[in-house]
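What follows is entry.cif (mmCIF, C-alpha atoms and all ligand atoms).
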```cif
data_my_file
loop_
_atom_site.label_atom_id
_atom_site.label_comp_id
_atom_site.auth_asym_id
_atom_site.auth_seq_id
_atom_site.Cartn_x
_atom_site.Cartn_y
_atom_site.Cartn_z
CA MET A 1 -23.46 -37.61 257.58
CA VAL A 2 -22.55 -41.17 256.59
CA VAL A 3 -25.08 -43.88 257.37
CA GLU A 4 -24.57 -47.55 256.54
CA VAL A 5 -27.68 -49.04 254.96
CA ARG A 6 -28.45 -52.63 255.95
CA GLY A 7 -28.07 -55.30 253.27
CA GLY A 8 -25.02 -53.68 251.72
CA VAL A 9 -27.14 -51.53 249.44
CA GLY A 10 -25.10 -48.41 250.02
CA VAL A 11 -24.36 -45.39 252.17
CA MET A 12 -26.16 -42.08 252.54
CA GLU A 13 -24.05 -38.99 252.07
CA GLY A 14 -26.26 -36.00 252.88
CA ASN A 15 -29.44 -36.73 250.93
CA GLN A 16 -27.65 -38.54 248.12
CA PRO A 17 -27.97 -42.31 248.29
CA ARG A 18 -24.82 -44.05 247.10
CA VAL A 19 -25.33 -47.50 245.65
CA GLU A 20 -22.68 -50.17 246.13
CA VAL A 21 -22.45 -53.02 243.62
CA ASN A 22 -20.14 -56.02 243.77
CA VAL A 23 -19.30 -57.26 240.27
CA LEU A 24 -17.56 -60.60 239.73
CA LEU A 25 -15.80 -61.37 236.44
CA LEU A 26 -15.68 -65.02 235.44
CA GLY A 27 -14.65 -66.93 232.31
CA ALA A 28 -11.82 -69.02 230.92
CA HIS A 29 -8.15 -68.06 230.86
CA SER A 30 -7.02 -65.34 228.46
CA VAL A 31 -10.47 -64.21 227.31
CA GLY A 32 -9.83 -60.64 228.49
CA LYS A 33 -11.29 -60.47 232.01
CA SER A 34 -8.40 -58.32 233.24
CA ALA A 35 -8.40 -56.26 230.03
CA LEU A 36 -12.12 -55.48 230.53
CA THR A 37 -11.57 -54.65 234.20
CA VAL A 38 -8.65 -52.31 233.46
CA ARG A 39 -10.52 -50.72 230.53
CA PHE A 40 -13.51 -50.03 232.78
CA LEU A 41 -11.41 -48.67 235.65
CA THR A 42 -8.85 -46.62 233.74
CA ARG A 43 -10.24 -46.37 230.17
CA ARG A 44 -6.96 -47.88 228.97
CA PHE A 45 -5.87 -51.07 227.23
CA ILE A 46 -2.37 -51.99 228.32
CA GLY A 47 -1.93 -55.35 226.53
CA GLU A 48 -0.50 -57.65 229.20
CA TYR A 49 -2.01 -58.10 232.64
CA GLY A 50 -0.60 -61.11 234.50
CA ASP A 51 -2.79 -63.18 236.79
CA ILE A 52 -3.22 -60.97 239.82
CA GLU A 53 -6.46 -61.56 241.67
CA SER A 54 -7.89 -58.40 243.14
CA VAL A 55 -10.99 -56.36 243.94
CA TYR A 56 -10.86 -52.86 242.46
CA SER A 57 -13.23 -49.96 243.11
CA ARG A 58 -14.49 -47.10 241.04
CA VAL A 59 -17.26 -44.58 241.70
CA ASP A 60 -19.37 -43.53 238.74
CA ARG A 61 -22.34 -41.22 238.34
CA MET A 62 -25.34 -43.02 236.84
CA ASP A 63 -28.86 -41.58 236.49
CA GLY A 64 -28.04 -38.86 239.02
CA GLN A 65 -26.74 -41.32 241.60
CA ASP A 66 -23.24 -42.29 242.72
CA VAL A 67 -22.57 -45.95 242.08
CA CYS A 68 -19.55 -47.57 243.73
CA PHE A 69 -18.39 -50.52 241.64
CA ASN A 70 -16.31 -53.15 243.42
CA VAL A 71 -14.91 -55.34 240.65
CA TRP A 72 -13.43 -58.75 241.45
CA ASP A 73 -11.14 -59.88 238.63
CA SER A 74 -10.63 -63.60 239.25
CA PRO A 75 -8.12 -65.68 237.27
CA TYR A 76 -9.15 -69.02 235.76
CA THR A 77 -6.57 -71.41 237.12
CA GLN A 78 -5.61 -75.00 236.30
CA ASP A 79 -7.60 -75.94 239.40
CA SER A 80 -10.68 -74.34 237.82
CA GLU A 81 -10.12 -76.50 234.75
CA ARG A 82 -9.82 -79.70 236.81
CA SER A 83 -12.79 -78.91 239.03
CA PRO A 84 -15.19 -76.39 237.50
CA ALA A 85 -17.06 -75.65 240.77
CA LEU A 86 -17.26 -71.95 241.59
CA PRO A 87 -16.14 -70.81 245.04
CA ASP A 88 -19.18 -70.13 247.21
CA LYS A 89 -17.40 -67.13 248.70
CA GLN A 90 -17.33 -65.43 245.27
CA LEU A 91 -20.95 -66.21 244.53
CA GLN A 92 -22.16 -64.96 247.91
CA TRP A 93 -20.13 -61.75 247.48
CA ALA A 94 -21.40 -60.93 244.00
CA ASP A 95 -24.44 -58.74 243.34
CA GLY A 96 -23.93 -59.31 239.63
CA ILE A 97 -21.65 -61.35 237.37
CA VAL A 98 -19.95 -60.63 234.03
CA LEU A 99 -19.29 -63.91 232.22
CA VAL A 100 -16.63 -63.47 229.55
CA TYR A 101 -15.64 -65.60 226.56
CA SER A 102 -13.54 -64.83 223.51
CA ILE A 103 -15.41 -64.92 220.18
CA CYS A 104 -12.28 -66.62 218.74
CA ASP A 105 -12.14 -69.39 221.32
CA ARG A 106 -14.94 -71.95 221.23
CA ARG A 107 -13.68 -73.66 224.38
CA SER A 108 -14.09 -70.44 226.33
CA PHE A 109 -17.75 -70.32 225.20
CA HIS A 110 -18.26 -73.80 226.69
CA VAL A 111 -16.70 -72.60 229.94
CA VAL A 112 -19.23 -69.74 230.07
CA ARG A 113 -22.10 -72.18 229.42
CA GLN A 114 -20.80 -74.43 232.20
CA GLN A 115 -20.28 -71.55 234.65
CA LEU A 116 -23.76 -70.22 233.92
CA GLN A 117 -25.25 -73.61 234.83
CA LEU A 118 -23.21 -73.71 238.03
CA ILE A 119 -24.35 -70.20 238.99
CA ARG A 120 -28.01 -71.00 238.35
CA ARG A 121 -27.75 -74.23 240.34
CA SER A 122 -25.70 -73.09 243.30
CA ARG A 123 -26.59 -69.52 244.03
CA LYS A 124 -29.53 -68.60 246.28
CA PRO A 125 -31.34 -66.73 244.83
CA SER A 126 -30.28 -68.33 241.57
CA SER A 127 -31.55 -65.26 239.70
CA VAL A 128 -28.36 -63.25 240.36
CA PRO A 129 -28.05 -60.81 237.43
CA VAL A 130 -25.57 -61.92 234.78
CA VAL A 131 -24.26 -60.26 231.63
CA VAL A 132 -22.61 -62.54 229.05
CA VAL A 133 -19.80 -60.86 227.10
CA GLY A 134 -18.17 -62.05 223.88
CA ASN A 135 -14.83 -60.22 223.91
CA LYS A 136 -12.18 -59.65 221.18
CA ARG A 137 -14.69 -58.50 218.58
CA ASP A 138 -11.80 -56.78 216.78
CA LEU A 139 -10.51 -60.27 215.86
CA HIS A 140 -13.68 -61.12 213.90
CA CYS A 141 -11.70 -62.75 211.07
CA HIS A 142 -10.79 -65.49 213.61
CA ARG A 143 -14.34 -65.77 214.95
CA SER A 144 -15.43 -69.25 216.04
CA VAL A 145 -18.55 -68.33 218.07
CA SER A 146 -21.33 -66.54 216.20
CA SER A 147 -23.16 -63.58 217.71
CA GLU A 148 -26.41 -65.55 217.48
CA GLU A 149 -25.04 -68.38 219.63
CA GLY A 150 -23.89 -65.94 222.28
CA ARG A 151 -27.18 -64.04 222.23
CA LEU A 152 -29.24 -67.26 222.36
CA LEU A 153 -27.33 -68.58 225.36
CA ALA A 154 -27.77 -65.28 227.18
CA LEU A 155 -31.48 -64.99 226.34
CA SER A 156 -32.20 -68.58 227.38
CA GLN A 157 -30.80 -67.81 230.84
CA HIS A 158 -32.29 -64.29 231.17
CA CYS A 159 -28.88 -62.61 230.93
CA GLY A 160 -27.75 -59.44 229.23
CA PHE A 161 -25.52 -59.89 226.18
CA PHE A 162 -22.80 -57.82 224.52
CA GLU A 163 -20.01 -58.36 222.05
CA VAL A 164 -17.15 -55.96 222.74
CA SER A 165 -13.49 -55.33 222.14
CA ALA A 166 -11.59 -54.39 225.27
CA ALA A 167 -8.70 -53.59 222.94
CA GLU A 168 -10.64 -51.07 220.87
CA THR A 169 -13.40 -49.31 222.77
CA TYR A 170 -14.07 -48.00 226.23
CA GLU A 171 -17.73 -47.05 225.53
CA ASP A 172 -18.90 -50.61 224.83
CA VAL A 173 -17.18 -51.87 227.98
CA LEU A 174 -18.88 -49.15 230.00
CA LEU A 175 -22.26 -50.28 228.60
CA VAL A 176 -21.64 -53.78 229.97
CA PHE A 177 -21.20 -52.50 233.52
CA GLN A 178 -24.09 -50.05 233.22
CA ARG A 179 -26.41 -52.80 231.98
CA LEU A 180 -25.41 -54.96 234.92
CA VAL A 181 -26.24 -52.15 237.35
CA HIS A 182 -29.70 -51.84 235.77
CA LEU A 183 -30.25 -55.58 236.19
CA ILE A 184 -29.03 -55.44 239.81
CA ARG A 185 -31.38 -52.53 240.56
CA GLU A 186 -34.31 -54.42 239.03
CA SER A 187 -33.50 -57.53 241.00
CA ARG A 188 -33.17 -55.56 244.27
CA ALA A 189 -36.51 -53.81 243.65
CA LEU A 190 -38.15 -57.19 242.95
CA ARG A 191 -36.69 -58.70 246.14
CA LYS A 192 -37.87 -55.68 248.15
CA SER A 193 -41.42 -55.85 246.78
CA SER A 194 -41.68 -59.61 247.30
CA ALA A 195 -40.38 -59.17 250.88
CA GLY A 196 -43.14 -56.55 251.32
CA VAL A 197 -45.76 -58.98 250.03
CA ARG A 198 -44.45 -61.71 252.37
CA ARG A 199 -44.68 -59.28 255.31
CA ILE A 200 -48.31 -58.44 254.44
CA VAL A 201 -49.18 -62.13 254.08
CA ARG A 202 -47.58 -62.83 257.49
CA SER A 203 -49.53 -59.96 259.15
CA VAL A 204 -52.82 -61.05 257.57
CA SER A 205 -52.23 -64.68 258.60
CA ALA A 206 -51.35 -63.52 262.13
CA VAL A 207 -54.62 -61.52 262.42
CA PHE A 208 -56.80 -64.30 260.99
CA GLY A 209 -54.93 -67.00 262.89
CA LYS A 210 -55.60 -65.07 266.11
CA LYS A 211 -59.29 -64.60 265.30
CA ARG A 212 -59.75 -68.28 264.63
CA GLY A 213 -58.00 -69.13 267.92
CA GLU A 214 -60.04 -66.59 269.98
P1 LIG B 301 -7.78 -63.00 231.32
O1 LIG B 301 -6.91 -64.19 231.56
O2 LIG B 301 -9.18 -63.42 230.99
O3 LIG B 301 -7.74 -61.98 232.42
O4 LIG B 301 -7.24 -62.30 229.96
P2 LIG B 301 -6.34 -60.97 229.82
O5 LIG B 301 -7.13 -59.77 230.13
O6 LIG B 301 -5.06 -61.16 230.56
O7 LIG B 301 -6.09 -60.99 228.26
C1 LIG B 301 -5.43 -62.08 227.63
C2 LIG B 301 -4.81 -61.63 226.32
O8 LIG B 301 -5.82 -61.21 225.41
C3 LIG B 301 -3.87 -60.43 226.50
O9 LIG B 301 -2.76 -60.60 225.66
C4 LIG B 301 -4.70 -59.25 226.04
O10 LIG B 301 -3.92 -58.21 225.50
C5 LIG B 301 -5.59 -59.89 224.97
N1 LIG B 301 -6.89 -59.22 224.83
C6 LIG B 301 -7.76 -58.91 225.79
N2 LIG B 301 -8.85 -58.32 225.27
C7 LIG B 301 -8.65 -58.24 223.94
C8 LIG B 301 -9.42 -57.73 222.83
O11 LIG B 301 -10.52 -57.22 222.98
N3 LIG B 301 -8.87 -57.85 221.60
C9 LIG B 301 -7.64 -58.42 221.39
N4 LIG B 301 -7.19 -58.47 220.15
N5 LIG B 301 -6.90 -58.90 222.40
C10 LIG B 301 -7.39 -58.82 223.65
MG MG B 302 -6.66 -61.98 234.25
#
```

Output the structure of this file as structure tokens.
Ligand code: GDP
Ligand code: MG
Amino acid sequence: MVVEVRGGVGVMEGNQPRVEVNVLLLGAHSVGKSALTVRFLTRRFIGEYGDIESVYSRVDRMDGQDVCFNVWDSPYTQDSERSPALPDKQLQWADGIVLVYSICDRRSFHVVRQQLQLIRRSRKPSSVPVVVVGNKRDLHCHRSVSSEEGRLLALSQHCGFFEVSAAETYEDVLLVFQRLVHLIRESRALRKSSAGVRRIVRSVSAVFGKKRGE
């Protein structure tokens, strides 16, 4: 049996709920967005990736549940540099966002800061889960952004934070996506419970409103 669940949360296969998560990768050019995507999907690092924009899918087992990751690897174009606004279509699509900078490229850290502000301002609800990732940790001798700066930025905006090397390890990259799923689950549970509270408040107001009007 396959049943679509409203709100895009997932499908039911037999008794096993399958969760669907849409993950958007953002960040400046050449920070390793495609490398992280390919590492996560195939466990490999292939070196050169081009600028193909695509949504890729992978199903993973997490905490006894199938999670279908849809990963949108979006290139940072010259247009993005001229006008930093983020396409609404991408923001509406995303359940969670991975914001990537290179620890060797200070400018890419500013792009992440800027994109984080745009996300928090434009997205409704603005609390979309975000994980900030400092990539290219293997090039630490060329480091121009300290771990503390990255962590502080992430903490100040209630984001997850990791420093990884897409070139060197699969496990750290996997942790990024797993952390994002945890944040998405928390945010969905919060939305569900606040919708429940709103429903109760509406019912109570309806009953008392009626009584007053009787
Ligand atoms: P994108 O433009 O953000 O998608 O960046 P790419 O994924 O195309 O990567 C840009 C360049 O950085 C490529 O030459 C990659 O091989 C390289 N790169 C990506 N991740 C790493 C990393 O963790 N370490 C090193 N040393 N190079 C990386
Ligand atoms: Mg790319």

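Nearest-residue note for Ser30 in chain A: choosing from A:Val59, A:Ala189, A:Val100, A:Ile184, the minimum distance belongs to A:Val100, counting only C-alpha atoms.
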
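Summary of the local environment: counting only C-alpha atoms, residues at most 12 Å from Val38 in chain A, other than itself and those fewer than 3 positions away along its chain, are A:Leu25, A:Gly32, A:Lys33, A:Ser34, A:Ala35, A:Leu41, A:Thr42, A:Arg43, A:Arg44, A:Phe45, A:Ile46, A:Gly47, A:Glu48, A:Tyr49, A:Gly50, A:Ser54, A:Val55, A:Tyr56, A:Ser57, A:Arg58, A:Val71, A:Trp72, A:Asp73, A:Ala166, A:Ala167, A:Tyr170, A:Val173, A:Leu174.
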
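Compared by their closest atoms to Gln115 in chain A, and using all atoms listed in the file, the residues A:Glu81, A:Glu186, A:Asp63, A:Glu163 rank with A:Glu81 nearest.
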
In Å and to one decimal, atom O5 of ligand LIG 301 (chain B) is distant from CA of Tyr76 in chain A by 11.0 Å

Using all atoms of ligand LIG 301 (chain B) that appear in the file, construct an axis-aligned enclosing box with 8 Å of padding on every side and provide its centre coordinates and edge lengths in Å, rounded to one decimal, as AutoDock Vina command-line options.
```
--center_x -6.6 --center_y -60.7 --center_z 226.3 --size_x 23.8 --size_y 23.0 --size_z 28.3
```

I'd like to know which of A:Arg137, A:Arg18, A:Arg120, A:Arg106 is closest to ligand LIG 301 (chain B), using only C-alpha atoms and all ligand atoms.
A:Arg137

Leaving out Gln114 in chain A and any residue of its chain fewer than 3 positions from it, which residues lie within 12 Å of it when counting all atoms listed in the file, given as a PyMOL selection string?
chain A and resi 26-28+80-81+83-86+99+101+107-111+117-121+153

Could you write out that same residue set with C-alpha atoms as a compact mmCIF listing (two decimals), keeping the file's coordinate frame?
```
# COMPACT_ATOMS: atom_id res chain seq x y z
CA LEU A 26 -15.68 -65.02 235.44
CA GLY A 27 -14.65 -66.93 232.31
CA ALA A 28 -11.82 -69.02 230.92
CA SER A 80 -10.68 -74.34 237.82
CA GLU A 81 -10.12 -76.50 234.75
CA SER A 83 -12.79 -78.91 239.03
CA PRO A 84 -15.19 -76.39 237.50
CA ALA A 85 -17.06 -75.65 240.77
CA LEU A 86 -17.26 -71.95 241.59
CA LEU A 99 -19.29 -63.91 232.22
CA TYR A 101 -15.64 -65.60 226.56
CA ARG A 107 -13.68 -73.66 224.38
CA SER A 108 -14.09 -70.44 226.33
CA PHE A 109 -17.75 -70.32 225.20
CA HIS A 110 -18.26 -73.80 226.69
CA VAL A 111 -16.70 -72.60 229.94
CA GLN A 117 -25.25 -73.61 234.83
CA LEU A 118 -23.21 -73.71 238.03
CA ILE A 119 -24.35 -70.20 238.99
CA ARG A 120 -28.01 -71.00 238.35
CA ARG A 121 -27.75 -74.23 240.34
CA LEU A 153 -27.33 -68.58 225.36
```

Taking (-21.6, -46.8, 237.3) in the coordinates of the supplied file, I want to know which residues reach to within 12 Å of it, counting only C-alpha atoms; could you give the answer as an mmCIF file with C-alpha atoms, in the frame of the given file?
```
data_model
loop_
_atom_site.group_PDB
_atom_site.id
_atom_site.type_symbol
_atom_site.label_atom_id
_atom_site.label_comp_id
_atom_site.auth_asym_id
_atom_site.auth_seq_id
_atom_site.Cartn_x
_atom_site.Cartn_y
_atom_site.Cartn_z
ATOM 1 C CA ARG A 18 -24.820 -44.050 247.100
ATOM 2 C CA VAL A 19 -25.330 -47.500 245.650
ATOM 3 C CA GLU A 20 -22.680 -50.170 246.130
ATOM 4 C CA VAL A 21 -22.450 -53.020 243.620
ATOM 5 C CA ASN A 22 -20.140 -56.020 243.770
ATOM 6 C CA VAL A 23 -19.300 -57.260 240.270
ATOM 7 C CA PHE A 40 -13.510 -50.030 232.780
ATOM 8 C CA LEU A 41 -11.410 -48.670 235.650
ATOM 9 C CA SER A 57 -13.230 -49.960 243.110
ATOM 10 C CA ARG A 58 -14.490 -47.100 241.040
ATOM 11 C CA VAL A 59 -17.260 -44.580 241.700
ATOM 12 C CA ASP A 60 -19.370 -43.530 238.740
ATOM 13 C CA ARG A 61 -22.340 -41.220 238.340
ATOM 14 C CA MET A 62 -25.340 -43.020 236.840
ATOM 15 C CA ASP A 63 -28.860 -41.580 236.490
ATOM 16 C CA GLY A 64 -28.040 -38.860 239.020
ATOM 17 C CA GLN A 65 -26.740 -41.320 241.600
ATOM 18 C CA ASP A 66 -23.240 -42.290 242.720
ATOM 19 C CA VAL A 67 -22.570 -45.950 242.080
ATOM 20 C CA CYS A 68 -19.550 -47.570 243.730
ATOM 21 C CA PHE A 69 -18.390 -50.520 241.640
ATOM 22 C CA ASN A 70 -16.310 -53.150 243.420
ATOM 23 C CA VAL A 71 -14.910 -55.340 240.650
ATOM 24 C CA VAL A 173 -17.180 -51.870 227.980
ATOM 25 C CA LEU A 174 -18.880 -49.150 230.000
ATOM 26 C CA LEU A 175 -22.260 -50.280 228.600
ATOM 27 C CA VAL A 176 -21.640 -53.780 229.970
ATOM 28 C CA PHE A 177 -21.200 -52.500 233.520
ATOM 29 C CA GLN A 178 -24.090 -50.050 233.220
ATOM 30 C CA ARG A 179 -26.410 -52.800 231.980
ATOM 31 C CA LEU A 180 -25.410 -54.960 234.920
ATOM 32 C CA VAL A 181 -26.240 -52.150 237.350
ATOM 33 C CA HIS A 182 -29.700 -51.840 235.770
ATOM 34 C CA ILE A 184 -29.030 -55.440 239.810
ATOM 35 C CA ARG A 185 -31.380 -52.530 240.560
#
```

Using only C-alpha atoms, collect all residues at a distance of at most 12 Å from (-10.4, -56.8, 214.7) as written in the file, then present them as number ranges by chain.
A: 103-104, 135-143, 164-169

Write a file of the just-selected residues containing C-alpha atoms, as a PDB file, keeping the file's coordinate frame.
```pdb
ATOM      1  CA  ILE A 103     -15.410 -64.920 220.180  1.00  0.00           C
ATOM      2  CA  CYS A 104     -12.280 -66.620 218.740  1.00  0.00           C
ATOM      3  CA  ASN A 135     -14.830 -60.220 223.910  1.00  0.00           C
ATOM      4  CA  LYS A 136     -12.180 -59.650 221.180  1.00  0.00           C
ATOM      5  CA  ARG A 137     -14.690 -58.500 218.580  1.00  0.00           C
ATOM      6  CA  ASP A 138     -11.800 -56.780 216.780  1.00  0.00           C
ATOM      7  CA  LEU A 139     -10.510 -60.270 215.860  1.00  0.00           C
ATOM      8  CA  HIS A 140     -13.680 -61.120 213.900  1.00  0.00           C
ATOM      9  CA  CYS A 141     -11.700 -62.750 211.070  1.00  0.00           C
ATOM     10  CA  HIS A 142     -10.790 -65.490 213.610  1.00  0.00           C
ATOM     11  CA  ARG A 143     -14.340 -65.770 214.950  1.00  0.00           C
ATOM     12  CA  VAL A 164     -17.150 -55.960 222.740  1.00  0.00           C
ATOM     13  CA  SER A 165     -13.490 -55.330 222.140  1.00  0.00           C
ATOM     14  CA  ALA A 166     -11.590 -54.390 225.270  1.00  0.00           C
ATOM     15  CA  ALA A 167      -8.700 -53.590 222.940  1.00  0.00           C
ATOM     16  CA  GLU A 168     -10.640 -51.070 220.870  1.00  0.00           C
ATOM     17  CA  THR A 169     -13.400 -49.310 222.770  1.00  0.00           C
TER      18      THR A 169
END
```

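The two atoms in question, CA of Leu116 in chain A and CA of Arg151 in chain A, are spaced 13.7 Å apart.
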
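In this model, the gap between CA of Pro17 in chain A and CA of Val98 in chain A comes to 24.6 Å.
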
Quick one: residues within 6 Å of Cys159 in chain A, only C-alpha atoms, excluding same-chain residues fewer than 3 positions away - as number ranges by chain?
A: 130-131, 154-155

Let me see the file: selected residues, C-alpha atoms, as a PDB file, in the coordinates of the input.
```pdb
ATOM      1  CA  VAL A 130     -25.570 -61.920 234.780  1.00  0.00           C
ATOM      2  CA  VAL A 131     -24.260 -60.260 231.630  1.00  0.00           C
ATOM      3  CA  ALA A 154     -27.770 -65.280 227.180  1.00  0.00           C
ATOM      4  CA  LEU A 155     -31.480 -64.990 226.340  1.00  0.00           C
TER       5      LEU A 155
END
```

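Counting only C-alpha atoms and all ligand atoms and comparing A:Glu148, A:Asp95, A:Asp172, A:Asp88, the residue that lies closest to ligand LIG 301 (chain B) is A:Asp172.
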
Leu152 in chain A: which residues within 12 Å, counting all atoms listed in the file, same-chain residues fewer than 5 positions away excluded, as a PyMOL selection string?
chain A and resi 113+132+145-147+157-162

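Residue nearest Pro129 in chain A within the list A:Ser187, A:Ser193, A:Gln92, A:Ser156: A:Ser187 [criterion: smallest interatomic distance, all atoms listed in the file].
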